[in-house]
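Q: Input structure: target_30.tsv, which contains TSV, C-alpha atoms.
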chain	number	residue	atom	x	y	z
E	1	MET	CA	-19.98	-6.85	-21.13
E	2	ALA	CA	-20.64	-5.64	-17.61
E	3	PRO	CA	-17.71	-5.48	-15.21
E	4	ARG	CA	-17.60	-7.53	-12.06
E	5	GLU	CA	-19.10	-5.50	-9.23
E	6	GLU	CA	-17.07	-4.50	-6.23
E	7	ALA	CA	-17.88	-2.49	-3.14
E	8	SER	CA	-19.37	0.87	-3.89
E	9	GLY	CA	-16.68	3.22	-2.80
E	10	GLY	CA	-13.45	1.48	-3.44
E	11	GLU	CA	-12.36	3.04	-0.15
E	12	GLY	CA	-10.50	0.63	2.04
E	13	GLN	CA	-7.39	2.50	3.12
E	14	ALA	CA	-6.15	6.03	3.67
E	15	CYS	CA	-4.68	7.95	0.76
E	16	GLU	CA	-0.91	7.56	0.68
E	17	ARG	CA	1.95	8.08	-1.76
E	18	PRO	CA	3.59	5.38	-3.89
E	19	ALA	CA	6.96	5.24	-5.58
E	20	LEU	CA	6.44	5.78	-9.29
E	21	GLY	CA	9.62	4.07	-10.37
E	22	ARG	CA	9.98	2.40	-13.71
E	23	GLY	CA	12.43	-0.33	-14.36
E	24	GLY	CA	13.01	-3.80	-15.68
E	25	ARG	CA	14.18	-5.03	-19.05
E	26	PRO	CA	12.38	-4.54	-22.33
E	27	GLY	CA	10.06	-7.46	-23.13
E	28	ARG	CA	10.50	-9.68	-26.16
E	29	LYS	CA	7.63	-10.76	-28.41
E	30	MET	CA	5.13	-9.86	-25.72
E	31	ALA	CA	2.32	-8.78	-27.97
E	32	ALA	CA	2.63	-11.79	-30.22
E	33	MET	CA	1.11	-13.85	-27.44
E	34	LEU	CA	-1.42	-11.25	-26.31
E	35	ALA	CA	-2.69	-10.71	-29.84
E	36	GLY	CA	-2.39	-14.21	-31.23
E	37	GLY	CA	0.71	-13.47	-33.26
E	38	SER	CA	-0.19	-10.01	-34.54
E	39	GLN	CA	2.98	-8.25	-35.65
E	40	ARG	CA	1.25	-4.92	-35.24
E	41	VAL	CA	0.83	-5.52	-31.53
E	42	VAL	CA	4.35	-6.95	-31.28
E	43	ARG	CA	5.58	-3.54	-32.38
E	44	ALA	CA	3.08	-1.90	-30.04
E	45	VAL	CA	4.36	-3.65	-26.94
E	46	ARG	CA	8.00	-3.07	-27.84
E	47	ALA	CA	7.20	0.61	-28.29
E	48	ALA	CA	5.37	0.60	-24.96
E	49	VAL	CA	8.46	-0.75	-23.25
E	50	ARG	CA	10.75	1.82	-24.88
E	51	CYS	CA	8.44	4.73	-24.07
E	52	SER	CA	7.95	3.69	-20.46
E	53	ALA	CA	11.67	3.84	-19.82
E	54	VAL	CA	11.92	7.52	-20.74
E	55	ARG	CA	8.52	9.02	-19.99
E	56	PRO	CA	8.46	11.12	-16.77
E	57	PRO	CA	5.75	10.57	-14.15
E	58	ALA	CA	2.50	12.32	-14.92
E	59	SER	CA	1.42	15.29	-12.90
E	60	GLY	CA	-1.89	16.95	-12.06
E	61	CYS	CA	-4.74	14.60	-11.19
E	62	TRP	CA	-2.43	11.62	-11.51
E	63	GLY	CA	-0.06	12.73	-8.79
E	64	CYS	CA	-0.12	11.32	-5.28
E	65	ALA	CA	-1.13	12.68	-1.94
E	66	PRO	CA	1.60	12.72	0.70
E	67	GLY	CA	1.89	9.36	2.38
E	68	GLY	CA	2.67	6.14	0.83
E	69	LYS	CA	1.27	2.78	-0.09
E	70	ARG	CA	-0.51	1.08	-2.95
E	71	TYR	CA	-2.52	-2.13	-2.99
E	72	LEU	CA	-3.47	-4.51	-5.79
E	73	LEU	CA	-4.11	-8.01	-4.46
E	74	THR	CA	-5.13	-9.03	-0.95
E	75	GLU	CA	-4.06	-11.66	1.55
E	76	ASP	CA	-6.94	-13.81	0.32
E	77	ASP	CA	-5.36	-13.77	-3.14
E	78	ILE	CA	-1.69	-14.26	-2.20
E	79	LYS	CA	-1.80	-16.05	1.20
E	80	LEU	CA	1.58	-14.79	2.37
E	81	GLN	CA	0.78	-14.96	6.07
E	82	GLU	CA	-0.52	-18.51	5.73
E	83	PHE	CA	2.75	-19.44	4.04
E	84	GLN	CA	4.86	-17.84	6.76
E	85	GLN	CA	2.86	-19.46	9.53
E	86	MET	CA	3.49	-22.83	7.91
E	87	LYS	CA	7.19	-21.98	7.77
E	88	VAL	CA	7.17	-21.50	11.54
E	89	ALA	CA	5.39	-24.83	12.07
E	90	ILE	CA	7.83	-26.77	9.89
E	91	ARG	CA	10.81	-25.03	11.43
E	92	ASN	CA	9.58	-26.18	14.83
E	93	GLU	CA	9.41	-29.75	13.56
E	94	VAL	CA	13.16	-29.68	12.91
E	95	HIS	CA	13.73	-27.94	16.25
E	96	GLY	CA	14.97	-24.78	14.57
E	97	ASN	CA	17.91	-26.52	12.91
E	98	LYS	CA	17.49	-26.92	9.16
E	99	ASP	CA	21.10	-27.98	8.47
E	100	PRO	CA	20.66	-31.76	8.94
E	101	TYR	CA	17.60	-31.70	6.71
E	102	PHE	CA	19.39	-29.73	4.01
E	103	LYS	CA	22.34	-32.11	4.24
E	104	SER	CA	20.11	-35.13	3.64
E	105	ILE	CA	18.54	-33.42	0.60
E	106	LYS	CA	21.97	-32.64	-0.85
E	107	GLU	CA	22.95	-36.29	-0.42
E	108	LYS	CA	19.86	-37.34	-2.33
E	109	LEU	CA	20.75	-35.00	-5.16
E	110	LYS	CA	24.29	-36.35	-5.26
E	111	LYS	CA	23.09	-39.98	-5.37
E	112	ASN	CA	20.27	-39.19	-7.81
E	113	GLY	CA	17.74	-40.34	-5.22
E	114	MET	CA	14.00	-39.90	-5.57
E	115	ILE	CA	12.72	-36.58	-4.21
E	116	LEU	CA	9.42	-37.04	-2.41
E	117	LYS	CA	6.57	-34.55	-2.37
E	118	ASN	CA	6.82	-33.79	1.35
E	119	GLU	CA	10.59	-33.39	1.11
E	120	LEU	CA	10.24	-30.62	-1.45
E	121	LYS	CA	7.36	-29.08	0.47
E	122	ASN	CA	9.36	-28.97	3.70
E	123	LEU	CA	12.44	-27.67	1.91
E	124	LEU	CA	10.55	-24.71	0.46
E	125	HIS	CA	9.24	-23.84	3.92
E	126	LEU	CA	12.69	-24.06	5.52
E	127	CYS	CA	14.49	-21.76	3.08
E	128	GLN	CA	15.71	-18.50	4.63
E	129	THR	CA	18.49	-17.26	2.33
E	130	SER	CA	19.27	-16.91	-1.36
E	131	SER	CA	21.66	-19.89	-1.12
E	132	ASP	CA	18.80	-21.93	0.35
E	133	VAL	CA	16.68	-20.96	-2.64
E	134	GLU	CA	19.45	-22.08	-4.98
E	135	LEU	CA	19.29	-25.53	-3.38
E	136	ALA	CA	15.49	-25.50	-3.67
E	137	ARG	CA	15.87	-24.63	-7.34
E	138	LYS	CA	18.00	-27.72	-7.96
E	139	VAL	CA	15.54	-29.90	-6.08
E	140	ILE	CA	12.63	-28.49	-8.10
E	141	TYR	CA	14.32	-29.46	-11.36
E	142	ARG	CA	15.06	-32.95	-10.02
E	143	TYR	CA	11.54	-33.41	-8.69
E	144	HIS	CA	9.97	-32.28	-11.96
E	145	GLU	CA	12.32	-34.51	-13.97
E	146	GLN	CA	11.48	-37.54	-11.85
E	147	ASN	CA	7.75	-37.00	-11.49
E	148	GLY	CA	6.62	-34.89	-14.42
E	149	ILE	CA	3.31	-33.08	-14.61
E	150	ALA	CA	1.27	-35.98	-13.24
E	151	ALA	CA	2.68	-35.56	-9.72
E	152	LEU	CA	1.64	-31.90	-9.70
E	153	CYS	CA	-2.06	-32.76	-9.83
E	154	ASN	CA	-2.05	-33.55	-6.12
E	155	PHE	CA	-0.09	-30.53	-4.92
E	156	LYS	CA	0.81	-27.20	-6.53
E	157	PHE	CA	4.38	-26.20	-5.70
E	158	GLY	CA	4.44	-23.11	-7.93
E	159	PRO	CA	2.71	-20.73	-5.48
E	160	LEU	CA	4.95	-21.94	-2.62
E	161	PHE	CA	8.09	-21.12	-4.56
E	162	MET	CA	6.74	-17.71	-5.58
E	163	ARG	CA	5.76	-16.83	-2.02
E	164	LEU	CA	9.24	-17.80	-0.90
E	165	CYS	CA	10.83	-15.60	-3.58
E	166	TYR	CA	8.55	-12.74	-2.60
E	167	GLU	CA	9.45	-13.09	1.07
E	168	LEU	CA	13.18	-13.10	0.33
E	169	ASP	CA	13.00	-10.41	-2.36
E	170	LEU	CA	14.34	-12.69	-5.09
E	171	GLU	CA	12.57	-11.93	-8.35
E	172	ARG	CA	15.35	-13.20	-10.65
E	173	PRO	CA	15.08	-16.94	-9.86
E	174	ALA	CA	11.30	-16.59	-9.90
E	175	VAL	CA	11.32	-15.13	-13.42
E	176	GLU	CA	13.89	-17.61	-14.69
E	177	LEU	CA	12.03	-20.67	-13.44
E	178	ILE	CA	8.58	-19.61	-14.55
E	179	LYS	CA	9.90	-19.05	-18.10
E	180	ASP	CA	11.98	-22.22	-18.29
E	181	GLN	CA	10.49	-24.65	-20.81
E	182	ASN	CA	12.04	-27.56	-18.91
E	183	LEU	CA	9.65	-26.78	-16.04
E	184	ARG	CA	6.48	-26.53	-18.12
E	185	GLY	CA	3.57	-27.64	-15.99
E	186	PHE	CA	5.29	-26.89	-12.70
E	187	PHE	CA	3.71	-23.43	-12.58
E	188	SER	CA	0.34	-24.60	-13.80
E	189	GLU	CA	-1.98	-22.18	-12.00
E	190	SER	CA	-2.58	-18.45	-12.12
E	191	THR	CA	-1.52	-17.73	-8.53
E	192	SER	CA	2.18	-18.27	-9.29
E	193	PHE	CA	2.05	-15.69	-12.08
E	194	HIS	CA	0.01	-13.26	-9.98
E	195	ILE	CA	2.51	-13.31	-7.11
E	196	LEU	CA	5.42	-12.75	-9.47
E	197	MET	CA	3.69	-9.96	-11.40
E	198	THR	CA	2.82	-8.24	-8.13
E	199	MET	CA	6.40	-8.52	-6.90
E	200	LEU	CA	7.72	-7.01	-10.14
E	201	PHE	CA	5.02	-4.32	-10.07
E	202	LYS	CA	5.98	-3.36	-6.54
E	203	LYS	CA	9.59	-2.91	-7.63
E	204	GLY	CA	8.57	-0.75	-10.58
E	205	HIS	CA	9.57	-3.41	-13.13
E	206	PHE	CA	6.45	-2.95	-15.21
E	207	GLU	CA	7.97	-4.22	-18.46
E	208	SER	CA	9.09	-7.43	-16.79
E	209	ALA	CA	5.64	-7.81	-15.26
E	210	LEU	CA	4.16	-7.53	-18.75
E	211	GLU	CA	6.55	-10.23	-19.96
E	212	VAL	CA	5.29	-12.54	-17.20
E	213	LEU	CA	1.71	-11.82	-18.27
E	214	VAL	CA	2.59	-12.85	-21.80
E	215	GLU	CA	4.34	-15.97	-20.52
E	216	MET	CA	1.18	-16.85	-18.63
E	217	LYS	CA	-0.83	-16.66	-21.85
E	218	LYS	CA	1.86	-18.57	-23.73
E	219	GLN	CA	1.62	-21.44	-21.25
E	220	GLY	CA	-2.14	-21.57	-21.63
E	221	ILE	CA	-2.98	-20.49	-18.07
E	222	PRO	CA	-6.54	-19.07	-18.11
E	223	PHE	CA	-6.92	-15.41	-17.15
E	224	ASN	CA	-9.21	-14.62	-14.22
E	225	LYS	CA	-10.32	-11.41	-12.54
E	226	GLU	CA	-7.01	-11.02	-10.65
E	227	THR	CA	-5.07	-11.47	-13.89
E	228	TYR	CA	-7.04	-8.75	-15.61
E	229	LEU	CA	-6.66	-6.40	-12.65
E	230	LEU	CA	-2.88	-6.83	-12.73
E	231	ALA	CA	-2.76	-6.53	-16.52
E	232	PHE	CA	-4.68	-3.25	-16.65
E	233	ALA	CA	-2.66	-1.85	-13.73
E	234	ILE	CA	0.58	-2.72	-15.55
E	235	CYS	CA	-0.65	-0.95	-18.70
E	236	TYR	CA	-1.63	2.05	-16.59
E	237	LYS	CA	1.87	2.25	-15.14
E	238	LEU	CA	3.61	1.79	-18.50
E	239	ASP	CA	1.68	4.95	-19.39
E	240	ASN	CA	2.08	5.39	-23.12
E	241	LEU	CA	0.02	5.11	-26.28
E	242	GLU	CA	1.00	1.54	-26.95
E	243	SER	CA	0.09	0.31	-23.48
E	244	CYS	CA	-3.28	2.00	-24.02
E	245	LYS	CA	-3.67	-0.17	-27.14
E	246	ILE	CA	-2.80	-3.26	-25.12
E	247	SER	CA	-5.57	-2.40	-22.64
E	248	ALA	CA	-8.02	-2.19	-25.53
E	249	LYS	CA	-6.83	-5.55	-26.87
E	250	LEU	CA	-7.19	-7.21	-23.47
E	251	LEU	CA	-10.73	-5.88	-23.10
E	252	GLU	CA	-11.64	-7.10	-26.57
E	253	GLU	CA	-10.32	-10.59	-25.85
E	254	ALA	CA	-12.12	-10.71	-22.49
E	255	GLN	CA	-15.39	-9.77	-24.17
E	256	LEU	CA	-14.96	-12.43	-26.83
E	257	LYS	CA	-14.33	-15.07	-24.15
E	258	GLY	CA	-17.15	-13.85	-21.95
E	259	ASP	CA	-14.75	-13.22	-19.06
E	260	MET	CA	-15.97	-10.99	-16.25
E	261	LEU	CA	-13.62	-8.11	-15.55
E	262	PRO	CA	-13.34	-6.61	-12.06
E	263	LEU	CA	-14.58	-3.07	-11.74
E	264	ARG	CA	-11.10	-1.79	-10.88
E	265	ALA	CA	-9.78	-3.12	-14.20
E	266	PHE	CA	-12.22	-0.83	-16.01
E	267	TYR	CA	-11.13	2.09	-13.85
E	268	PHE	CA	-7.49	1.47	-14.77
E	269	ALA	CA	-8.51	1.28	-18.43
E	270	VAL	CA	-10.38	4.61	-18.25
E	271	ALA	CA	-7.45	6.24	-16.47
E	272	THR	CA	-4.94	4.87	-19.00
E	273	ALA	CA	-7.00	6.23	-21.89
E	274	LEU	CA	-7.37	9.63	-20.24
E	275	LYS	CA	-3.65	9.91	-19.61
E	276	GLN	CA	-3.14	9.34	-23.33
E	277	ASN	CA	-5.88	11.85	-24.23
E	278	ASP	CA	-7.89	9.11	-25.92
E	279	VAL	CA	-11.23	10.53	-24.84
E	280	ALA	CA	-13.29	8.32	-27.15
E	281	GLN	CA	-11.80	5.17	-25.66
E	282	ALA	CA	-12.24	6.50	-22.11
E	283	LYS	CA	-15.93	7.21	-22.85
E	284	PHE	CA	-16.35	3.69	-24.21
E	285	TYR	CA	-14.85	2.14	-21.07
E	286	CYS	CA	-17.12	4.28	-18.89
E	287	SER	CA	-20.13	3.08	-20.85
E	288	GLN	CA	-19.25	-0.50	-19.88
E	289	ILE	CA	-19.50	0.26	-16.16
E	290	ILE	CA	-22.87	-0.48	-14.58
E	291	LYS	CA	-22.15	0.18	-10.91
E	292	THR	CA	-21.65	3.95	-10.89
E	293	GLU	CA	-22.44	5.00	-7.31
E	294	ASN	CA	-18.86	5.37	-6.11
E	295	LYS	CA	-16.31	8.14	-5.91
E	296	LEU	CA	-13.78	6.76	-8.39
E	297	TYR	CA	-16.31	6.40	-11.18
E	298	ASN	CA	-17.66	9.91	-10.58
E	299	ASN	CA	-14.21	11.48	-10.57
E	300	LEU	CA	-13.32	9.71	-13.80
E	301	LYS	CA	-16.70	10.67	-15.29
E	302	VAL	CA	-16.03	14.33	-14.51
E	303	LEU	CA	-12.66	14.17	-16.25
E	304	VAL	CA	-14.12	12.40	-19.29
E	305	GLN	CA	-16.82	15.07	-19.54
E	306	LEU	CA	-14.23	17.80	-19.11
E	307	ARG	CA	-11.94	16.38	-21.81
E	308	SER	CA	-14.97	16.06	-24.08
E	309	GLY	CA	-15.72	19.77	-23.69
E	310	LEU	CA	-19.03	19.05	-21.94
E	311	LEU	CA	-18.67	21.72	-19.27
E	312	GLU	CA	-22.39	21.93	-18.55
E	313	GLU	CA	-22.43	18.17	-17.94
E	314	VAL	CA	-19.57	18.54	-15.48
E	315	ILE	CA	-21.61	21.08	-13.53
E	316	LYS	CA	-24.63	18.73	-13.54
E	317	THR	CA	-22.56	15.81	-12.25
E	318	LEU	CA	-21.17	17.89	-9.39
E	319	GLU	CA	-24.56	19.41	-8.58
E	320	ALA	CA	-26.12	15.94	-8.44
E	321	ALA	CA	-23.57	14.92	-5.79
E	322	VAL	CA	-24.41	18.00	-3.70
E	323	GLU	CA	-28.14	17.30	-3.89
E	324	VAL	CA	-27.90	13.68	-2.78
E	325	ASP	CA	-29.08	13.22	0.80
E	326	THR	CA	-26.72	10.48	1.96
E	327	PRO	CA	-27.61	8.57	5.16
E	328	PRO	CA	-24.88	8.68	7.84
E	329	PHE	CA	-24.08	4.98	7.43
E	330	VAL	CA	-23.56	5.25	3.64
E	331	LYS	CA	-20.20	6.32	2.22
E	332	LYS	CA	-20.46	9.72	0.56
E	333	ILE	CA	-19.32	10.24	-3.01
E	334	GLU	CA	-16.22	12.40	-2.76
E	335	PHE	CA	-14.31	14.38	-5.37
E	336	SER	CA	-10.58	14.75	-5.48
E	337	GLU	CA	-9.44	18.30	-4.80
E	338	GLN	CA	-6.95	17.87	-7.66
E	339	VAL	CA	-9.73	16.88	-10.05
E	340	LEU	CA	-11.72	19.91	-8.95
E	341	ALA	CA	-8.65	22.10	-9.45
E	342	THR	CA	-8.40	20.80	-13.02
E	343	VAL	CA	-12.10	21.56	-13.55
E	344	ARG	CA	-11.71	25.02	-12.03
E	345	GLU	CA	-8.84	25.83	-14.39
E	346	LYS	CA	-10.91	24.83	-17.42
E	347	MET	CA	-13.99	26.71	-16.19
E	348	GLU	CA	-12.06	29.98	-15.98
E	349	GLU	CA	-12.78	30.37	-19.67
E	350	ASN	CA	-16.48	30.73	-18.84
E	351	PRO	CA	-17.26	33.22	-16.02
E	352	ASN	CA	-20.84	31.99	-15.51
E	353	LEU	CA	-19.83	28.36	-15.15
E	354	SER	CA	-16.86	29.36	-13.02
E	355	ALA	CA	-19.21	31.12	-10.59
E	356	LYS	CA	-21.49	28.06	-10.46
E	357	LEU	CA	-18.51	25.84	-9.82
E	358	GLY	CA	-17.40	28.05	-6.94
E	359	ASP	CA	-20.81	27.68	-5.26
E	360	ILE	CA	-20.84	23.92	-5.82
E	361	CYS	CA	-17.34	23.48	-4.40
E	362	THR	CA	-18.31	25.43	-1.31
E	363	LYS	CA	-21.26	23.09	-0.75
E	364	LEU	CA	-19.13	20.01	-1.46
E	365	GLN	CA	-16.58	21.19	1.08
E	366	ALA	CA	-19.23	21.90	3.69
E	367	SER	CA	-20.71	18.42	3.29
E	368	GLY	CA	-17.34	16.70	3.49
E	369	ARG	CA	-17.33	15.59	-0.13
E	370	ILE	CA	-13.87	16.82	-1.11
E	371	THR	CA	-10.88	14.59	-0.48
E	372	ILE	CA	-7.12	15.05	-0.76
E	373	CYS	CA	-6.94	11.68	-2.52
E	374	THR	CA	-5.77	11.85	-6.11
E	375	LEU	CA	-7.14	9.57	-8.78
E	376	GLU	CA	-4.11	7.35	-8.43
E	377	ASP	CA	-4.72	7.09	-4.70
E	378	MET	CA	-8.24	5.94	-5.44
E	379	LEU	CA	-7.20	3.47	-8.12
E	380	PHE	CA	-5.00	1.56	-5.69
E	381	GLN	CA	-7.37	1.45	-2.74
E	382	ILE	CA	-8.74	-1.99	-1.88
E	383	PRO	CA	-12.55	-2.06	-2.06
E	384	SER	CA	-14.15	-2.18	1.38
E	385	SER	CA	-15.72	-5.56	0.59
E	386	LYS	CA	-12.27	-7.12	0.44
E	387	LYS	CA	-10.26	-8.37	3.36
E	388	THR	CA	-6.97	-6.93	4.52
E	389	PRO	CA	-4.08	-6.35	2.11
E	390	ALA	CA	-1.53	-9.13	2.09
E	391	LYS	CA	1.33	-8.47	4.48
E	392	LEU	CA	4.41	-10.35	5.51
E	393	LEU	CA	4.48	-11.13	9.20
E	394	ASN	CA	7.18	-9.36	11.19
E	395	GLN	CA	10.10	-11.21	12.74
E	396	LYS	CA	8.56	-11.30	16.23
E	397	GLN	CA	5.45	-12.96	14.83
E	398	LEU	CA	7.51	-15.42	12.82
E	399	GLY	CA	9.82	-16.45	15.61
E	400	TYR	CA	12.83	-16.73	13.31
E	401	GLN	CA	15.24	-14.40	11.55
E	402	ALA	CA	14.71	-14.44	7.82
E	403	ALA	CA	17.26	-13.11	5.38
E	404	LYS	CA	16.56	-9.56	4.23
E	405	PRO	CA	13.57	-8.93	6.53
E	406	ARG	CA	10.83	-7.05	4.71
E	407	PRO	CA	9.30	-4.15	6.67
E	408	SER	CA	6.05	-4.43	4.81
E	409	ASP	CA	4.23	-6.52	2.49
E	410	LEU	CA	2.43	-6.97	-0.69
E	411	LEU	CA	2.06	-3.21	-0.58
E	412	LEU	CA	2.94	-1.16	-3.61
E	413	GLU	CA	4.95	1.51	-1.86
Is it possible to express this structure as structure tokens?
A:
Amino acid sequence: MAPREEASGGEGQACERPALGRGGRPGRKMAAMLAGGSQRVVRAVRAAVRCSAVRPPASGCWGCAPGGKRYLLTEDDIKLQEFQQMKVAIRNEVHGNKDPYFKSIKEKLKKNGMILKNELKNLLHLCQTSSDVELARKVIYRYHEQNGIAALCNFKFGPLFMRLCYELDLERPAVELIKDQNLRGFFSESTSFHILMTMLFKKGHFESALEVLVEMKKQGIPFNKETYLLAFAICYKLDNLESCKISAKLLEEAQLKGDMLPLRAFYFAVATALKQNDVAQAKFYCSQIIKTENKLYNNLKVLVQLRSGLLEEVIKTLEAAVEVDTPPFVKKIEFSEQVLATVREKMEENPNLSAKLGDICTKLQASGRITICTLEDMLFQIPSSKKTPAKLLNQKQLGYQAAKPRPSDLLLE
């Protein structure tokens, strides 16, 4: 199965440093859903969760250049700014005073009155604090109880609630509601799960993000290219043998279904396998990639060749990059200086190859083909074909003071 093509360099932003925190609670029965009830994978995911809590961050090629941010999904995927702009418009409709509106909603709850679609929609856009979200939570349960799944065909409230929780930094109510069986059908589309997984990922709660992925499968929500991207990124960050097995299982299921995986998902899979020294699996993932004229693929290819002991092939790959006459308007294939340092260390065992490598590196440097970006920097760069990363608008743009203002964004810092 060929991966979904993306822009040839995967270079959309400058190389910056993320936080490599790990957190969240251990998942329960996660693999049972991912593997159709397989007890072997149940044990695998539980082991992945345990290992991720104690394993230190990887070093070498997987470190980060000084700086700071990581991207997964874009504004086109999450639509945070669109949500916030609508919040401003609805706030203006109530003349900046939400209290009378909230009071009328509370009265309806007390009298068991019918909650209308626009009432819930406006309420979600007027929430600014955690206590506001608690009221919205009660109204969601009442609305769903009164209207059921049928009413959700006309308007999807799930993404609105998740964007609100993201804006206010409230992952707990988001996780609780999306898992609540009493609300089955309320979160009936993939976007709700994607926003929540991204929020948990940003906070370093990779195990919890994996639990949400399993919940998505449990509820029968079809996986799409964004789902697979998040799934493989989560496995990459869990960074242990069992998460590597989960990546393999996800790829197998995608192939059986005929799903198209985004190119970046394959890159995460290759990187996950390499970090676990599973060279055979990394080579297999590389063989699935058709679009190879980009820097991330070539850096991963060099590492796969190196781990396979194919030192002459490494030299050929680097020489080929030097010999390419790239037009000024085409992005050059670059190699990470940390990857080259790893190659240099291995080549020291062979003086002839080491000398060749020295000459090649000199030429690469002269032609501007060496970058300070690490492999992890490259993995989290938005392809240049995509639009801007999703960001929360600042308070001046919003025109109102939200609780816990967020300085950035859907950025994985």
Q: Rounded to one decimal, what separation in Å do you get between CA of Ile90 (chain E) and CA of Gly185 (chain E)?
A: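 About the pair CA of Ile90 (chain E) and CA of Gly185 (chain E): they are 26.2 Å apart.
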Q: Report as a VMD selection string all protein, DNA and RNA residues lying within 10 Å of Thr317 (chain E), evaluated on only C-alpha atoms, omitting residues in the same chain fewer than 5 positions from it.
A: chain E and resid 298 to 299 301 to 302 305 311 to 312 322
Q: Show me as an mmCIF file with C-alpha atoms, in the frame of the given file the residues that reach within 12 Å of (-20.0, 18.3, -17.7), counting all atoms listed in the file and using the file's own coordinates.
A:
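Produced file result.cif, reproduced below:
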data_model
loop_
_atom_site.group_PDB
_atom_site.id
_atom_site.type_symbol
_atom_site.label_atom_id
_atom_site.label_comp_id
_atom_site.auth_asym_id
_atom_site.auth_seq_id
_atom_site.Cartn_x
_atom_site.Cartn_y
_atom_site.Cartn_z
ATOM 1 C CA ASN E 298 -17.660 9.910 -10.580
ATOM 2 C CA ASN E 299 -14.210 11.480 -10.570
ATOM 3 C CA LEU E 300 -13.320 9.710 -13.800
ATOM 4 C CA LYS E 301 -16.700 10.670 -15.290
ATOM 5 C CA VAL E 302 -16.030 14.330 -14.510
ATOM 6 C CA LEU E 303 -12.660 14.170 -16.250
ATOM 7 C CA VAL E 304 -14.120 12.400 -19.290
ATOM 8 C CA GLN E 305 -16.820 15.070 -19.540
ATOM 9 C CA LEU E 306 -14.230 17.800 -19.110
ATOM 10 C CA ARG E 307 -11.940 16.380 -21.810
ATOM 11 C CA SER E 308 -14.970 16.060 -24.080
ATOM 12 C CA GLY E 309 -15.720 19.770 -23.690
ATOM 13 C CA LEU E 310 -19.030 19.050 -21.940
ATOM 14 C CA LEU E 311 -18.670 21.720 -19.270
ATOM 15 C CA GLU E 312 -22.390 21.930 -18.550
ATOM 16 C CA GLU E 313 -22.430 18.170 -17.940
ATOM 17 C CA VAL E 314 -19.570 18.540 -15.480
ATOM 18 C CA ILE E 315 -21.610 21.080 -13.530
ATOM 19 C CA LYS E 316 -24.630 18.730 -13.540
ATOM 20 C CA THR E 317 -22.560 15.810 -12.250
ATOM 21 C CA LEU E 318 -21.170 17.890 -9.390
ATOM 22 C CA GLU E 319 -24.560 19.410 -8.580
ATOM 23 C CA ALA E 320 -26.120 15.940 -8.440
ATOM 24 C CA VAL E 343 -12.100 21.560 -13.550
ATOM 25 C CA LYS E 346 -10.910 24.830 -17.420
ATOM 26 C CA MET E 347 -13.990 26.710 -16.190
ATOM 27 C CA LEU E 353 -19.830 28.360 -15.150
ATOM 28 C CA LEU E 357 -18.510 25.840 -9.820
#
Q: Output as CSV one row per residue of region 279-349 of chain E within 12 Å of region 228-249 of chain E: the closest atom pair and its distance in Å to one decimal place, counting only C-alpha atoms, sorted by chain and residue number ascending.
A:
residue,atom,partner,partner_atom,distance
E:Val279,CA,E:Cys244,CA,11.7
E:Ala280,CA,E:Ala248,CA,11.9
E:Gln281,CA,E:Ala248,CA,8.3
E:Ala282,CA,E:Cys244,CA,10.2
E:Phe284,CA,E:Ala248,CA,10.3
E:Tyr285,CA,E:Ala248,CA,9.2
Q: Pick from E:Ile178, E:Leu251, E:Leu183, E:Leu340: nearest to Tyr143 (chain E), with only C-alpha atoms counted?
A: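 Of the candidates, the smallest distance to Tyr143 (chain E) is held by E:Leu183.
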Q: Can you tell me how far CA of Ser336 (chain E) sits from CA of Cys373 (chain E), in Å to one decimal?
A: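 Spanning CA of Ser336 (chain E) to CA of Cys373 (chain E) is a straight-line distance of 5.6 Å.
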Q: Closest to Gln338 (chain E) among E:Glu134, E:Glu189, E:Glu323, E:Glu376, using all atoms listed in the file?
A: E:Glu376
Q: Of the candidates E:Arg172, E:Lys356, E:Arg163, E:Lys106, which one gets nearest to Leu80 (chain E) if we count only C-alpha atoms?
A: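 Result for the nearest residue to Leu80 (chain E): E:Arg163.
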Q: With all atoms listed in the file as the counted atoms, please give the residues lying no more than 12 Å from Val324 (chain E), apart from itself and same-chain residues fewer than 2 positions off, as a list in words.
A: Glu293, Thr317, Leu318, Glu319, Ala320, Ala321, Val322, Thr326, Pro327, Val330, Lys331, Lys332, Ile333, Glu334, Lys363, Leu364, Ser367 and Arg369 of chain E
Q: Excluding same-chain residues fewer than 5 positions from Met216 (chain E), what lies within 10 Å of it counting only C-alpha atoms, as a count of residues only?
A: 17
Q: With all atoms of region 372-377 of chain E from the file as input, state the centre and edge lengths in Å to one decimal of the axis-aligned box that has 8 Å extra on each side, as lines of an AutoDock Vina configuration file.
A:
center_x = -5.6
center_y = 11.1
center_z = -4.8
size_x = 19.0
size_y = 24.0
size_z = 24.0
Q: Can you work out the spacing between CA of Leu263 (chain E) and CA of Met378 (chain E) in Å, to one decimal?
A: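 Pair CA of Leu263 (chain E) / CA of Met378 (chain E) returns 12.7 Å.
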